[in-house]
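Engineer: model.cif is reproduced in full below (mmCIF, C-alpha atoms).
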```cif
data_data
loop_
_atom_site.group_PDB
_atom_site.id
_atom_site.type_symbol
_atom_site.label_atom_id
_atom_site.label_comp_id
_atom_site.auth_asym_id
_atom_site.auth_seq_id
_atom_site.Cartn_x
_atom_site.Cartn_y
_atom_site.Cartn_z
ATOM 1 C CA MET A 1 58.604 113.674 -43.075
ATOM 2 C CA ALA A 2 60.882 111.053 -44.633
ATOM 3 C CA ILE A 3 61.468 107.930 -42.576
ATOM 4 C CA GLN A 4 65.109 107.301 -41.835
ATOM 5 C CA GLU A 5 66.116 103.760 -42.600
ATOM 6 C CA VAL A 6 68.832 102.127 -40.595
ATOM 7 C CA ARG A 7 70.942 99.693 -42.611
ATOM 8 C CA GLY A 8 73.763 97.523 -41.392
ATOM 9 C CA THR A 9 75.229 94.083 -41.096
ATOM 10 C CA PHE A 10 74.961 92.355 -37.785
ATOM 11 C CA LYS A 11 73.937 89.178 -36.092
ATOM 12 C CA PRO A 12 70.259 89.194 -35.150
ATOM 13 C CA GLU A 13 71.058 88.493 -31.495
ATOM 14 C CA LEU A 14 73.144 91.652 -31.239
ATOM 15 C CA ILE A 15 71.520 95.059 -31.146
ATOM 16 C CA PRO A 16 73.694 97.652 -32.891
ATOM 17 C CA LYS A 17 73.870 101.041 -31.222
ATOM 18 C CA GLU A 18 72.715 102.882 -34.356
ATOM 19 C CA THR A 19 69.261 101.346 -33.904
ATOM 20 C CA GLY A 20 68.818 103.153 -30.591
ATOM 21 C CA GLY A 21 66.552 105.803 -32.108
ATOM 22 C CA ASP A 22 66.162 109.378 -30.937
ATOM 23 C CA ILE A 23 63.538 111.164 -28.891
ATOM 24 C CA ASP A 24 61.357 111.913 -31.937
ATOM 25 C CA ASP A 25 61.093 108.209 -32.730
ATOM 26 C CA TYR A 26 60.036 107.487 -29.173
ATOM 27 C CA GLU A 27 57.468 110.274 -29.215
ATOM 28 C CA ASP A 28 55.840 108.911 -32.368
ATOM 29 C CA ALA A 29 55.787 105.409 -30.920
ATOM 30 C CA LEU A 30 54.398 106.696 -27.635
ATOM 31 C CA HIS A 31 51.546 108.472 -29.369
ATOM 32 C CA VAL A 32 50.588 105.375 -31.317
ATOM 33 C CA LEU A 33 50.815 103.240 -28.205
ATOM 34 C CA MET A 34 48.591 105.666 -26.341
ATOM 35 C CA LYS A 35 46.031 105.537 -29.131
ATOM 36 C CA PHE A 36 46.141 101.726 -29.127
ATOM 37 C CA MET A 37 45.714 101.606 -25.377
ATOM 38 C CA GLY A 38 42.840 104.072 -25.435
ATOM 39 C CA SER A 39 41.062 102.188 -28.225
ATOM 40 C CA MET A 40 41.525 98.855 -26.499
ATOM 41 C CA SER A 41 40.189 100.179 -23.232
ATOM 42 C CA SER A 42 37.197 101.741 -24.946
ATOM 43 C CA ALA A 43 36.420 98.579 -26.951
ATOM 44 C CA LEU A 44 36.832 96.370 -23.911
ATOM 45 C CA GLU A 45 34.304 98.444 -22.012
ATOM 46 C CA GLN A 46 31.911 98.339 -24.962
ATOM 47 C CA VAL A 47 32.089 94.551 -25.224
ATOM 48 C CA SER A 48 32.467 93.494 -21.606
ATOM 49 C CA GLY A 49 30.703 96.325 -19.769
ATOM 50 C CA ARG A 50 31.785 96.512 -16.150
ATOM 51 C CA GLY A 51 33.682 93.234 -16.536
ATOM 52 C CA ALA A 52 36.323 95.243 -18.393
ATOM 53 C CA ASN A 53 37.457 96.746 -15.083
ATOM 54 C CA ALA A 54 38.082 93.309 -13.584
ATOM 55 C CA ILE A 55 40.038 92.097 -16.606
ATOM 56 C CA VAL A 56 42.291 95.124 -16.713
ATOM 57 C CA TYR A 57 42.664 95.117 -12.927
ATOM 58 C CA GLN A 58 43.877 91.533 -13.041
ATOM 59 C CA ALA A 59 46.362 92.369 -15.804
ATOM 60 C CA GLY A 60 47.703 95.270 -13.753
ATOM 61 C CA LYS A 61 47.941 93.112 -10.660
ATOM 62 C CA ARG A 62 50.126 90.598 -12.452
ATOM 63 C CA MET A 63 52.367 93.402 -13.661
ATOM 64 C CA GLY A 64 52.590 94.750 -10.106
ATOM 65 C CA HIS A 65 53.585 91.363 -8.697
ATOM 66 C CA ASP A 66 56.289 91.035 -11.360
ATOM 67 C CA ALA A 67 57.573 94.583 -10.847
ATOM 68 C CA ALA A 68 57.898 94.141 -7.088
ATOM 69 C CA LYS A 69 59.561 90.710 -7.098
ATOM 70 C CA MET A 70 63.026 92.180 -6.576
ATOM 71 C CA MET A 71 61.967 94.660 -3.899
ATOM 72 C CA GLU A 72 62.775 94.204 -0.253
ATOM 73 C CA LYS A 73 59.947 92.646 1.750
ATOM 74 C CA THR A 74 58.527 94.593 4.661
ATOM 75 C CA ASP A 75 55.409 94.687 6.824
ATOM 76 C CA ASN A 76 55.631 98.464 7.282
ATOM 77 C CA LEU A 77 53.264 100.186 4.851
ATOM 78 C CA GLU A 78 55.103 103.532 4.772
ATOM 79 C CA GLN A 79 58.392 101.726 4.149
ATOM 80 C CA ALA A 80 56.736 99.662 1.422
ATOM 81 C CA MET A 81 55.474 102.848 -0.239
ATOM 82 C CA ASP A 82 58.965 104.382 -0.180
ATOM 83 C CA GLU A 83 60.462 101.182 -1.529
ATOM 84 C CA MET A 84 57.864 100.933 -4.293
ATOM 85 C CA GLY A 85 58.168 104.647 -5.063
ATOM 86 C CA GLU A 86 61.794 104.186 -6.064
ATOM 87 C CA VAL A 87 60.897 101.607 -8.682
ATOM 88 C CA LEU A 88 57.328 102.449 -9.726
ATOM 89 C CA GLY A 89 58.025 106.181 -9.310
ATOM 90 C CA HIS A 90 59.904 106.142 -12.602
ATOM 91 C CA GLU A 91 56.726 105.076 -14.346
ATOM 92 C CA PHE A 92 54.271 107.239 -12.448
ATOM 93 C CA TYR A 93 55.368 109.686 -9.814
ATOM 94 C CA TYR A 94 53.287 109.249 -6.681
ATOM 95 C CA ARG A 95 53.486 110.364 -3.096
ATOM 96 C CA MET A 96 51.749 109.545 0.140
ATOM 97 C CA TRP A 97 49.310 112.306 0.976
ATOM 98 C CA LYS A 98 47.512 113.449 4.115
ATOM 99 C CA PRO A 99 45.393 116.444 5.049
ATOM 100 C CA ALA A 100 47.408 119.131 6.848
ATOM 101 C CA GLY A 101 45.656 118.411 10.163
ATOM 102 C CA GLN A 102 46.433 114.681 10.153
ATOM 103 C CA GLU A 103 49.508 113.488 12.007
ATOM 104 C CA ASN A 104 50.561 110.364 10.100
ATOM 105 C CA TYR A 105 50.239 109.182 6.533
ATOM 106 C CA THR A 106 48.846 105.830 7.606
ATOM 107 C CA VAL A 107 45.586 105.452 9.496
ATOM 108 C CA GLU A 108 44.652 102.304 11.409
ATOM 109 C CA LYS A 109 41.040 101.199 11.057
ATOM 110 C CA GLY A 110 40.445 97.960 12.956
ATOM 111 C CA ASP A 111 42.368 95.249 11.106
ATOM 112 C CA GLU A 112 43.030 97.582 8.175
ATOM 113 C CA THR A 113 45.672 100.191 7.468
ATOM 114 C CA VAL A 114 44.826 102.978 5.054
ATOM 115 C CA VAL A 115 47.089 105.385 3.200
ATOM 116 C CA LYS A 116 46.202 108.080 0.671
ATOM 117 C CA LEU A 117 48.297 108.193 -2.480
ATOM 118 C CA LEU A 118 48.602 111.155 -4.789
ATOM 119 C CA PHE A 119 49.479 110.142 -8.339
ATOM 120 C CA ARG A 120 51.115 112.936 -10.282
ATOM 121 C CA ASP A 121 52.838 111.852 -13.499
ATOM 122 C CA CYS A 122 50.540 109.058 -14.579
ATOM 123 C CA VAL A 123 50.890 107.546 -18.037
ATOM 124 C CA VAL A 124 47.334 106.174 -17.811
ATOM 125 C CA ARG A 125 45.908 109.654 -17.234
ATOM 126 C CA GLN A 126 47.933 111.022 -20.126
ATOM 127 C CA THR A 127 46.732 108.186 -22.363
ATOM 128 C CA LEU A 128 43.097 108.834 -21.490
ATOM 129 C CA ARG A 129 43.457 112.524 -22.163
ATOM 130 C CA ARG A 130 45.346 111.810 -25.373
ATOM 131 C CA THR A 131 42.452 109.701 -26.621
ATOM 132 C CA GLY A 132 39.655 111.826 -25.168
ATOM 133 C CA LEU A 133 38.426 109.182 -22.733
ATOM 134 C CA PRO A 134 37.126 109.886 -19.231
ATOM 135 C CA GLN A 135 39.201 109.055 -16.182
ATOM 136 C CA LYS A 136 38.085 106.342 -13.704
ATOM 137 C CA GLY A 137 37.419 103.975 -16.649
ATOM 138 C CA PRO A 138 38.895 100.489 -17.184
ATOM 139 C CA LEU A 139 42.359 101.769 -18.007
ATOM 140 C CA CYS A 140 42.597 103.355 -14.556
ATOM 141 C CA TYR A 141 42.049 99.869 -13.130
ATOM 142 C CA LEU A 142 45.341 98.876 -14.716
ATOM 143 C CA LEU A 143 47.082 101.242 -12.349
ATOM 144 C CA TYR A 144 44.989 100.168 -9.350
ATOM 145 C CA GLY A 145 45.896 96.557 -10.073
ATOM 146 C CA TYR A 146 49.544 97.499 -10.533
ATOM 147 C CA MET A 147 49.714 99.171 -7.117
ATOM 148 C CA VAL A 148 47.809 96.383 -5.397
ATOM 149 C CA GLY A 149 49.962 93.693 -7.022
ATOM 150 C CA ALA A 150 53.150 95.478 -5.992
ATOM 151 C CA VAL A 151 52.048 96.070 -2.408
ATOM 152 C CA GLU A 152 50.851 92.476 -2.090
ATOM 153 C CA GLU A 153 54.233 91.267 -3.313
ATOM 154 C CA VAL A 154 56.222 93.530 -0.981
ATOM 155 C CA MET A 155 54.061 93.036 2.121
ATOM 156 C CA GLY A 156 52.665 89.555 1.482
ATOM 157 C CA ILE A 157 49.200 90.803 2.328
ATOM 158 C CA LYS A 158 45.921 91.565 0.548
ATOM 159 C CA GLY A 159 45.307 95.129 -0.569
ATOM 160 C CA LYS A 160 42.856 97.229 -2.529
ATOM 161 C CA VAL A 161 42.848 100.657 -4.127
ATOM 162 C CA ASP A 162 39.863 102.991 -4.333
ATOM 163 C CA VAL A 163 39.766 106.236 -6.238
ATOM 164 C CA ASP A 164 38.927 109.352 -4.219
ATOM 165 C CA HIS A 165 39.307 112.073 -6.798
ATOM 166 C CA VAL A 166 40.648 112.546 -10.313
ATOM 167 C CA GLY A 167 42.031 115.682 -11.872
ATOM 168 C CA PRO A 168 44.005 116.676 -14.955
ATOM 169 C CA ASN A 169 47.181 117.175 -12.910
ATOM 170 C CA ALA A 170 46.899 114.589 -10.128
ATOM 171 C CA CYS A 171 44.632 111.845 -8.772
ATOM 172 C CA LEU A 172 44.035 110.872 -5.167
ATOM 173 C CA LYS A 173 43.594 107.211 -4.299
ATOM 174 C CA THR A 174 43.197 105.251 -1.103
ATOM 175 C CA LEU A 175 45.253 102.118 -0.589
ATOM 176 C CA THR A 176 43.873 99.761 2.045
ATOM 177 C CA ILE A 177 45.669 96.708 3.327
ATOM 178 C CA LYS A 178 43.893 94.139 5.426
ATOM 179 C CA TRP A 179 45.929 92.434 8.147
ATOM 180 C CA GLY A 180 45.213 88.768 8.406
ATOM 181 C CA GLY A 181 43.969 88.751 4.841
ATOM 182 C CA LYS A 182 46.847 86.738 3.424
ATOM 183 C CA MET B 1 54.011 125.705 -0.660
ATOM 184 C CA VAL B 2 51.063 126.030 -3.028
ATOM 185 C CA GLU B 3 49.629 129.472 -3.526
ATOM 186 C CA ILE B 4 46.217 129.849 -5.170
ATOM 187 C CA LEU B 5 45.170 133.112 -6.738
ATOM 188 C CA VAL B 6 41.506 133.680 -7.580
ATOM 189 C CA ASP B 7 40.754 136.429 -10.055
ATOM 190 C CA GLU B 8 37.695 138.024 -8.449
ATOM 191 C CA ASP B 9 36.856 139.951 -11.590
ATOM 192 C CA ALA B 10 36.723 136.750 -13.575
ATOM 193 C CA CYS B 11 34.968 134.571 -10.944
ATOM 194 C CA VAL B 12 31.278 134.234 -11.797
ATOM 195 C CA GLY B 13 30.342 132.812 -8.394
ATOM 196 C CA CYS B 14 28.978 129.544 -9.767
ATOM 197 C CA GLY B 15 30.498 127.584 -6.866
ATOM 198 C CA SER B 16 31.613 124.705 -9.097
ATOM 199 C CA CYS B 17 35.072 124.673 -7.544
ATOM 200 C CA VAL B 18 33.570 124.593 -4.035
ATOM 201 C CA ASP B 19 31.481 121.547 -4.941
ATOM 202 C CA ASP B 20 34.249 119.819 -6.856
ATOM 203 C CA CYS B 21 37.179 120.159 -4.459
ATOM 204 C CA PRO B 22 37.369 117.045 -2.249
ATOM 205 C CA ASN B 23 39.504 118.805 0.355
ATOM 206 C CA ASP B 24 37.335 121.887 0.909
ATOM 207 C CA VAL B 25 40.029 124.268 -0.247
ATOM 208 C CA TYR B 26 37.429 126.788 -1.455
ATOM 209 C CA LYS B 27 34.415 128.431 0.127
ATOM 210 C CA MET B 28 31.880 130.923 -1.193
ATOM 211 C CA ASN B 29 32.281 134.384 0.243
ATOM 212 C CA GLU B 30 28.663 135.137 1.230
ATOM 213 C CA GLU B 31 29.045 138.918 0.918
ATOM 214 C CA LYS B 32 30.838 139.138 -2.408
ATOM 215 C CA TRP B 33 29.404 135.848 -3.709
ATOM 216 C CA LYS B 34 32.798 134.916 -5.063
ATOM 217 C CA THR B 35 35.038 131.943 -4.369
ATOM 218 C CA GLU B 36 37.694 132.356 -1.745
ATOM 219 C CA VAL B 37 40.571 130.096 -0.712
ATOM 220 C CA VAL B 38 40.162 128.946 2.883
ATOM 221 C CA ASN B 39 42.250 125.790 3.166
ATOM 222 C CA VAL B 40 45.289 126.071 0.885
ATOM 223 C CA ASP B 41 47.314 123.580 2.961
ATOM 224 C CA ASP B 42 45.080 120.739 1.803
ATOM 225 C CA CYS B 43 45.350 121.585 -1.900
ATOM 226 C CA MET B 44 46.849 118.612 -3.731
ATOM 227 C CA ALA B 45 47.127 120.493 -7.045
ATOM 228 C CA CYS B 46 44.951 118.045 -8.959
ATOM 229 C CA LEU B 47 43.683 121.079 -10.887
ATOM 230 C CA SER B 48 40.176 119.738 -11.347
ATOM 231 C CA CYS B 49 39.034 123.196 -10.219
ATOM 232 C CA HIS B 50 40.744 124.591 -13.321
ATOM 233 C CA GLU B 51 38.907 122.096 -15.456
ATOM 234 C CA ILE B 52 35.518 122.871 -13.949
ATOM 235 C CA CYS B 53 35.843 126.664 -13.652
ATOM 236 C CA PRO B 54 33.977 128.259 -16.565
ATOM 237 C CA ALA B 55 35.887 131.518 -16.151
ATOM 238 C CA GLN B 56 39.433 130.187 -15.726
ATOM 239 C CA ALA B 57 39.668 132.305 -12.602
ATOM 240 C CA MET B 58 42.316 130.302 -10.727
ATOM 241 C CA THR B 59 46.078 130.249 -10.831
ATOM 242 C CA HIS B 60 48.108 127.745 -8.841
ATOM 243 C CA LYS B 61 51.650 128.908 -8.120
ATOM 244 C CA ASP B 62 54.655 126.713 -7.414
ATOM 245 C CA ILE B 63 53.108 123.290 -7.986
ATOM 246 C CA HIS B 64 54.349 120.062 -9.525
ATOM 247 C CA VAL B 65 53.127 120.093 -13.118
ATOM 248 C CA ALA B 66 52.467 116.590 -14.432
ATOM 249 C CA LYS B 67 54.286 115.528 -17.594
ATOM 250 C CA ARG B 68 52.112 116.034 -20.648
ATOM 251 C CA LEU B 69 53.191 112.974 -22.569
ATOM 252 C CA TYR B 70 50.397 113.328 -25.071
ATOM 253 C CA ILE B 71 51.434 116.716 -26.378
ATOM 254 C CA ASP B 72 52.924 116.448 -29.836
ATOM 255 C CA ARG B 73 56.147 118.430 -29.767
ATOM 256 C CA ARG B 74 56.098 119.074 -33.500
ATOM 257 C CA VAL B 75 52.633 120.607 -33.259
ATOM 258 C CA THR B 76 53.664 122.800 -30.325
ATOM 259 C CA GLU B 77 56.799 123.892 -32.197
ATOM 260 C CA VAL B 78 54.650 124.978 -35.143
ATOM 261 C CA LEU B 79 52.226 126.754 -32.810
ATOM 262 C CA GLU B 80 55.073 128.586 -31.104
ATOM 263 C CA ARG B 81 56.205 129.879 -34.483
ATOM 264 C CA ILE B 82 52.702 131.067 -35.351
ATOM 265 C CA ILE B 83 51.784 132.621 -32.006
#
```
Just dump the structure as structure tokens.
Structural biologist:
Amino acid sequence: MAIQEVRGTFKPELIPKETGGDIDDYEDALHVLMKFMGSMSSALEQVSGRGANAIVYQAGKRMGHDAAKMMEKTDNLEQAMDEMGEVLGHEFYYRMWKPAGQENYTVEKGDETVVKLLFRDCVVRQTLRRTGLPQKGPLCYLLYGYMVGAVEEVMGIKGKVDVDHVGPNACLKTLTIKWGGK
Amino acid sequence: MVEILVDEDACVGCGSCVDDCPNDVYKMNEEKWKTEVVNVDDCMACLSCHEICPAQAMTHKDIHVAKRLYIDRRVTEVLERII
């Protein structure tokens, strides 16, 4: 396929509308980006071993803190999840999840509050499948860090995410926040 | 509401889905030695049972289907023309 060249005269600080690109351009770029991401994750694991998880987790956490800076602060976990869902939900659609027999989404365990999150449209999962890598690897830690960073920013409290189950269509994770762990 | 159909003719009774499902949605029927759905309310449609089933015996109806960002649309267009 011939590459379409965009030519024009403009100041470099202005972005002309004809350089917007169409969906096919984005798809190509997305595929390459996914391959890059998959290769980086794989190489990182090869070089750093289990340390790769910590590195990627930290990167995700920073992203999460940045993403949640503009969100309203709350100390209610369910409210925080709704708030975060509106922003982060555009990037990966997730929902709070509970077994049918359980009354509330959040469960109190001593000084901890736990909520199960079901991640549906996850770009990390799609990237791993695109590049033939297993789930639960370092790249998944990017998402864990992202969620933890965002919840820490919104609630001003320490949190952690553990993976319960992964599937090709959705993944279940547990988010735990520790009261008094500021 | 999720509805899960198990094709009994296809099910080989390996029990992989029973072992794999974290929410105990499936159980082995001791008489027929086939999988049966016993707890559909707790199905989160992760579809790992589809991935693990060697006989592709399950169908999940009315579920959220995750975006397949990695599927190349040009390839699928070509395939659609061929198939």
Engineer: Determine the residue set returned by the PyMOL selection byres ((chain A) within 10 of (chain B)) for the present structure, and present it as a VMD selection string.
Structural biologist: chain A and resid 24 27 to 28 30 to 31 34 to 35 92 to 93 97 to 101 118 to 123 125 to 131 164 to 172
Engineer: Please write the residues picked by the PyMOL selection byres ((chain B and resi 3) around 9) on this file as a compact mmCIF listing (two decimals) with C-alpha atoms, in the frame of the given file.
Structural biologist:
```
# COMPACT_ATOMS: atom_id res chain seq x y z
CA MET B 1 54.01 125.70 -0.66
CA VAL B 2 51.06 126.03 -3.03
CA ILE B 4 46.22 129.85 -5.17
CA LEU B 5 45.17 133.11 -6.74
CA VAL B 40 45.29 126.07 0.88
CA THR B 59 46.08 130.25 -10.83
CA HIS B 60 48.11 127.74 -8.84
CA LYS B 61 51.65 128.91 -8.12
CA ASP B 62 54.66 126.71 -7.41
CA ILE B 63 53.11 123.29 -7.99
```
Engineer: I'd like to see the residues matched by the PyMOL selection byres ((chain A and resi 179) around 9) on this file, and ideally I'd get them as a PDB file with C-alpha atoms, in the frame of the given file.
Structural biologist:
```
ATOM      1  CA  ASP A 111      42.368  95.249  11.106  1.00  0.00           C
ATOM      2  CA  GLU A 112      43.030  97.582   8.175  1.00  0.00           C
ATOM      3  CA  THR A 113      45.672 100.191   7.468  1.00  0.00           C
ATOM      4  CA  ILE A 157      49.200  90.803   2.328  1.00  0.00           C
ATOM      5  CA  LYS A 158      45.921  91.565   0.548  1.00  0.00           C
ATOM      6  CA  ILE A 177      45.669  96.708   3.327  1.00  0.00           C
ATOM      7  CA  LYS A 178      43.893  94.139   5.426  1.00  0.00           C
ATOM      8  CA  GLY A 180      45.213  88.768   8.406  1.00  0.00           C
ATOM      9  CA  GLY A 181      43.969  88.751   4.841  1.00  0.00           C
ATOM     10  CA  LYS A 182      46.847  86.738   3.424  1.00  0.00           C
TER      11      LYS A 182
END
```
Engineer: One decimal, Å: what's the distance from atom CA of A:Gly20 over to atom CA of A:Phe36, could you say?
Structural biologist: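 Those two atoms sit 22.8 Å apart.
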Engineer: Which residues are close to stretch 53-57 of chain B, i.e. within 12 Å by only C-alpha atoms, leaving aside same-chain residues fewer than 6 positions away? Reply as a PDB file with C-alpha atoms, in the coordinates of the input.
Structural biologist:
```pdb
ATOM      1  CA  ILE B   4      46.217 129.849  -5.170  1.00  0.00           C
ATOM      2  CA  LEU B   5      45.170 133.112  -6.738  1.00  0.00           C
ATOM      3  CA  VAL B   6      41.506 133.680  -7.580  1.00  0.00           C
ATOM      4  CA  ASP B   7      40.754 136.429 -10.055  1.00  0.00           C
ATOM      5  CA  GLU B   8      37.695 138.024  -8.449  1.00  0.00           C
ATOM      6  CA  ASP B   9      36.856 139.951 -11.590  1.00  0.00           C
ATOM      7  CA  ALA B  10      36.723 136.750 -13.575  1.00  0.00           C
ATOM      8  CA  CYS B  11      34.968 134.571 -10.944  1.00  0.00           C
ATOM      9  CA  VAL B  12      31.278 134.234 -11.797  1.00  0.00           C
ATOM     10  CA  GLY B  13      30.342 132.812  -8.394  1.00  0.00           C
ATOM     11  CA  CYS B  14      28.978 129.544  -9.767  1.00  0.00           C
ATOM     12  CA  GLY B  15      30.498 127.584  -6.866  1.00  0.00           C
ATOM     13  CA  SER B  16      31.613 124.705  -9.097  1.00  0.00           C
ATOM     14  CA  CYS B  17      35.072 124.673  -7.544  1.00  0.00           C
ATOM     15  CA  VAL B  18      33.570 124.593  -4.035  1.00  0.00           C
ATOM     16  CA  ASP B  19      31.481 121.547  -4.941  1.00  0.00           C
ATOM     17  CA  ASP B  20      34.249 119.819  -6.856  1.00  0.00           C
ATOM     18  CA  CYS B  21      37.179 120.159  -4.459  1.00  0.00           C
ATOM     19  CA  LYS B  34      32.798 134.916  -5.063  1.00  0.00           C
ATOM     20  CA  THR B  35      35.038 131.943  -4.369  1.00  0.00           C
ATOM     21  CA  GLU B  36      37.694 132.356  -1.745  1.00  0.00           C
ATOM     22  CA  LEU B  47      43.683 121.079 -10.887  1.00  0.00           C
TER      23      LEU B  47
END
```
Engineer: May I have the residues within 12 Å of A:Ala54 as a list in words, using all atoms listed in the file and disregarding those fewer than 5 positions away in the same chain?
Structural biologist: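 With the cut-off at 12 Å, the set is Leu44, Glu45, Ser48, Gly49, Ala59, Gly60, Lys61, Gly137, Pro138, Leu139, Cys140, Tyr141, Leu142, Tyr144 and Gly145 of chain A.
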Engineer: Identify which of the residues A:Thr106, A:Gln58, A:Ser42, A:Asn76 lies closest to A:Leu133, counting all atoms listed in the file when measuring atom-to-atom distances.
Structural biologist: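 Between A:Thr106, A:Gln58, A:Ser42, A:Asn76, the residue approaching A:Leu133 most closely is A:Ser42.
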Engineer: Report, in Å to a single decimal, how far apart atom CA of A:Ala52 and atom CA of A:Met37 are.
Structural biologist: 13.3 Å
Engineer: Select, counting all atoms listed in the file, all protein, DNA and RNA residues no farther than 6 Å from (55.1, 99.6, -7.3) in file coordinates, and express the selection as a ChimeraX atom specification.
Structural biologist: /A:84,88,147,150
Engineer: State, in Å with one decimal place, the distance from atom CA of A:Gly64 to atom CA of A:Val114.
Structural biologist: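 Computed distance, atom CA of A:Gly64 to atom CA of A:Val114, equals 18.9 Å.
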Engineer: When you get a chance, write out all heavy atoms for stretch 44-50 of chain A, as a PDB file, keeping the file's coordinate frame.
Structural biologist:
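Saved the output as result.pdb:
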```
ATOM      1  N   LEU A  44      37.027  97.353 -24.983  1.00  0.00           N
ATOM      2  CA  LEU A  44      36.832  96.370 -23.911  1.00  0.00           C
ATOM      3  C   LEU A  44      35.602  96.717 -23.081  1.00  0.00           C
ATOM      4  O   LEU A  44      34.804  95.855 -22.720  1.00  0.00           O
ATOM      5  CB  LEU A  44      38.075  96.361 -23.022  1.00  0.00           C
ATOM      6  CG  LEU A  44      38.332  95.131 -22.165  1.00  0.00           C
ATOM      7  CD1 LEU A  44      38.421  93.880 -22.982  1.00  0.00           C
ATOM      8  CD2 LEU A  44      39.615  95.322 -21.368  1.00  0.00           C
ATOM      9  N   GLU A  45      35.444  97.986 -22.811  1.00  0.00           N
ATOM     10  CA  GLU A  45      34.304  98.444 -22.012  1.00  0.00           C
ATOM     11  C   GLU A  45      32.999  98.248 -22.794  1.00  0.00           C
ATOM     12  O   GLU A  45      31.980  97.862 -22.233  1.00  0.00           O
ATOM     13  CB  GLU A  45      34.490  99.922 -21.662  1.00  0.00           C
ATOM     14  CG  GLU A  45      33.590 100.363 -20.532  1.00  0.00           C
ATOM     15  CD  GLU A  45      33.913 101.768 -20.060  1.00  0.00           C
ATOM     16  OE1 GLU A  45      34.565 102.515 -20.819  1.00  0.00           O
ATOM     17  OE2 GLU A  45      33.496 102.118 -18.953  1.00  0.00           O
ATOM     18  N   GLN A  46      33.095  98.491 -24.109  1.00  0.00           N
ATOM     19  CA  GLN A  46      31.911  98.339 -24.962  1.00  0.00           C
ATOM     20  C   GLN A  46      31.446  96.879 -25.002  1.00  0.00           C
ATOM     21  O   GLN A  46      30.264  96.596 -24.925  1.00  0.00           O
ATOM     22  CB  GLN A  46      32.273  98.805 -26.369  1.00  0.00           C
ATOM     23  CG  GLN A  46      31.078  99.224 -27.186  1.00  0.00           C
ATOM     24  CD  GLN A  46      31.520  99.730 -28.569  1.00  0.00           C
ATOM     25  OE1 GLN A  46      32.702  99.818 -28.880  1.00  0.00           O
ATOM     26  NE2 GLN A  46      30.556 100.046 -29.382  1.00  0.00           N
ATOM     27  N   VAL A  47      32.419  95.964 -25.089  1.00  0.00           N
ATOM     28  CA  VAL A  47      32.089  94.551 -25.224  1.00  0.00           C
ATOM     29  C   VAL A  47      31.757  93.921 -23.862  1.00  0.00           C
ATOM     30  O   VAL A  47      30.768  93.213 -23.714  1.00  0.00           O
ATOM     31  CB  VAL A  47      33.259  93.776 -25.898  1.00  0.00           C
ATOM     32  CG1 VAL A  47      32.996  92.286 -25.918  1.00  0.00           C
ATOM     33  CG2 VAL A  47      33.488  94.293 -27.304  1.00  0.00           C
ATOM     34  N   SER A  48      32.596  94.205 -22.885  1.00  0.00           N
ATOM     35  CA  SER A  48      32.467  93.494 -21.606  1.00  0.00           C
ATOM     36  C   SER A  48      31.705  94.274 -20.543  1.00  0.00           C
ATOM     37  O   SER A  48      31.486  93.748 -19.455  1.00  0.00           O
ATOM     38  CB  SER A  48      33.857  93.176 -21.049  1.00  0.00           C
ATOM     39  OG  SER A  48      34.669  92.641 -22.029  1.00  0.00           O
ATOM     40  N   GLY A  49      31.390  95.514 -20.785  1.00  0.00           N
ATOM     41  CA  GLY A  49      30.703  96.325 -19.769  1.00  0.00           C
ATOM     42  C   GLY A  49      31.578  96.495 -18.554  1.00  0.00           C
ATOM     43  O   GLY A  49      32.780  96.729 -18.679  1.00  0.00           O
ATOM     44  N   ARG A  50      31.013  96.298 -17.379  1.00  0.00           N
ATOM     45  CA  ARG A  50      31.785  96.512 -16.150  1.00  0.00           C
ATOM     46  C   ARG A  50      32.836  95.428 -15.933  1.00  0.00           C
ATOM     47  O   ARG A  50      33.747  95.589 -15.133  1.00  0.00           O
ATOM     48  CB  ARG A  50      30.844  96.597 -14.955  1.00  0.00           C
ATOM     49  CG  ARG A  50      30.015  97.863 -14.998  1.00  0.00           C
ATOM     50  CD  ARG A  50      29.198  98.020 -13.749  1.00  0.00           C
ATOM     51  NE  ARG A  50      30.045  98.181 -12.573  1.00  0.00           N
ATOM     52  CZ  ARG A  50      29.574  98.352 -11.351  1.00  0.00           C
ATOM     53  NH1 ARG A  50      28.285  98.374 -11.145  1.00  0.00           N
ATOM     54  NH2 ARG A  50      30.381  98.508 -10.328  1.00  0.00           N
TER      55      ARG A  50
END
```
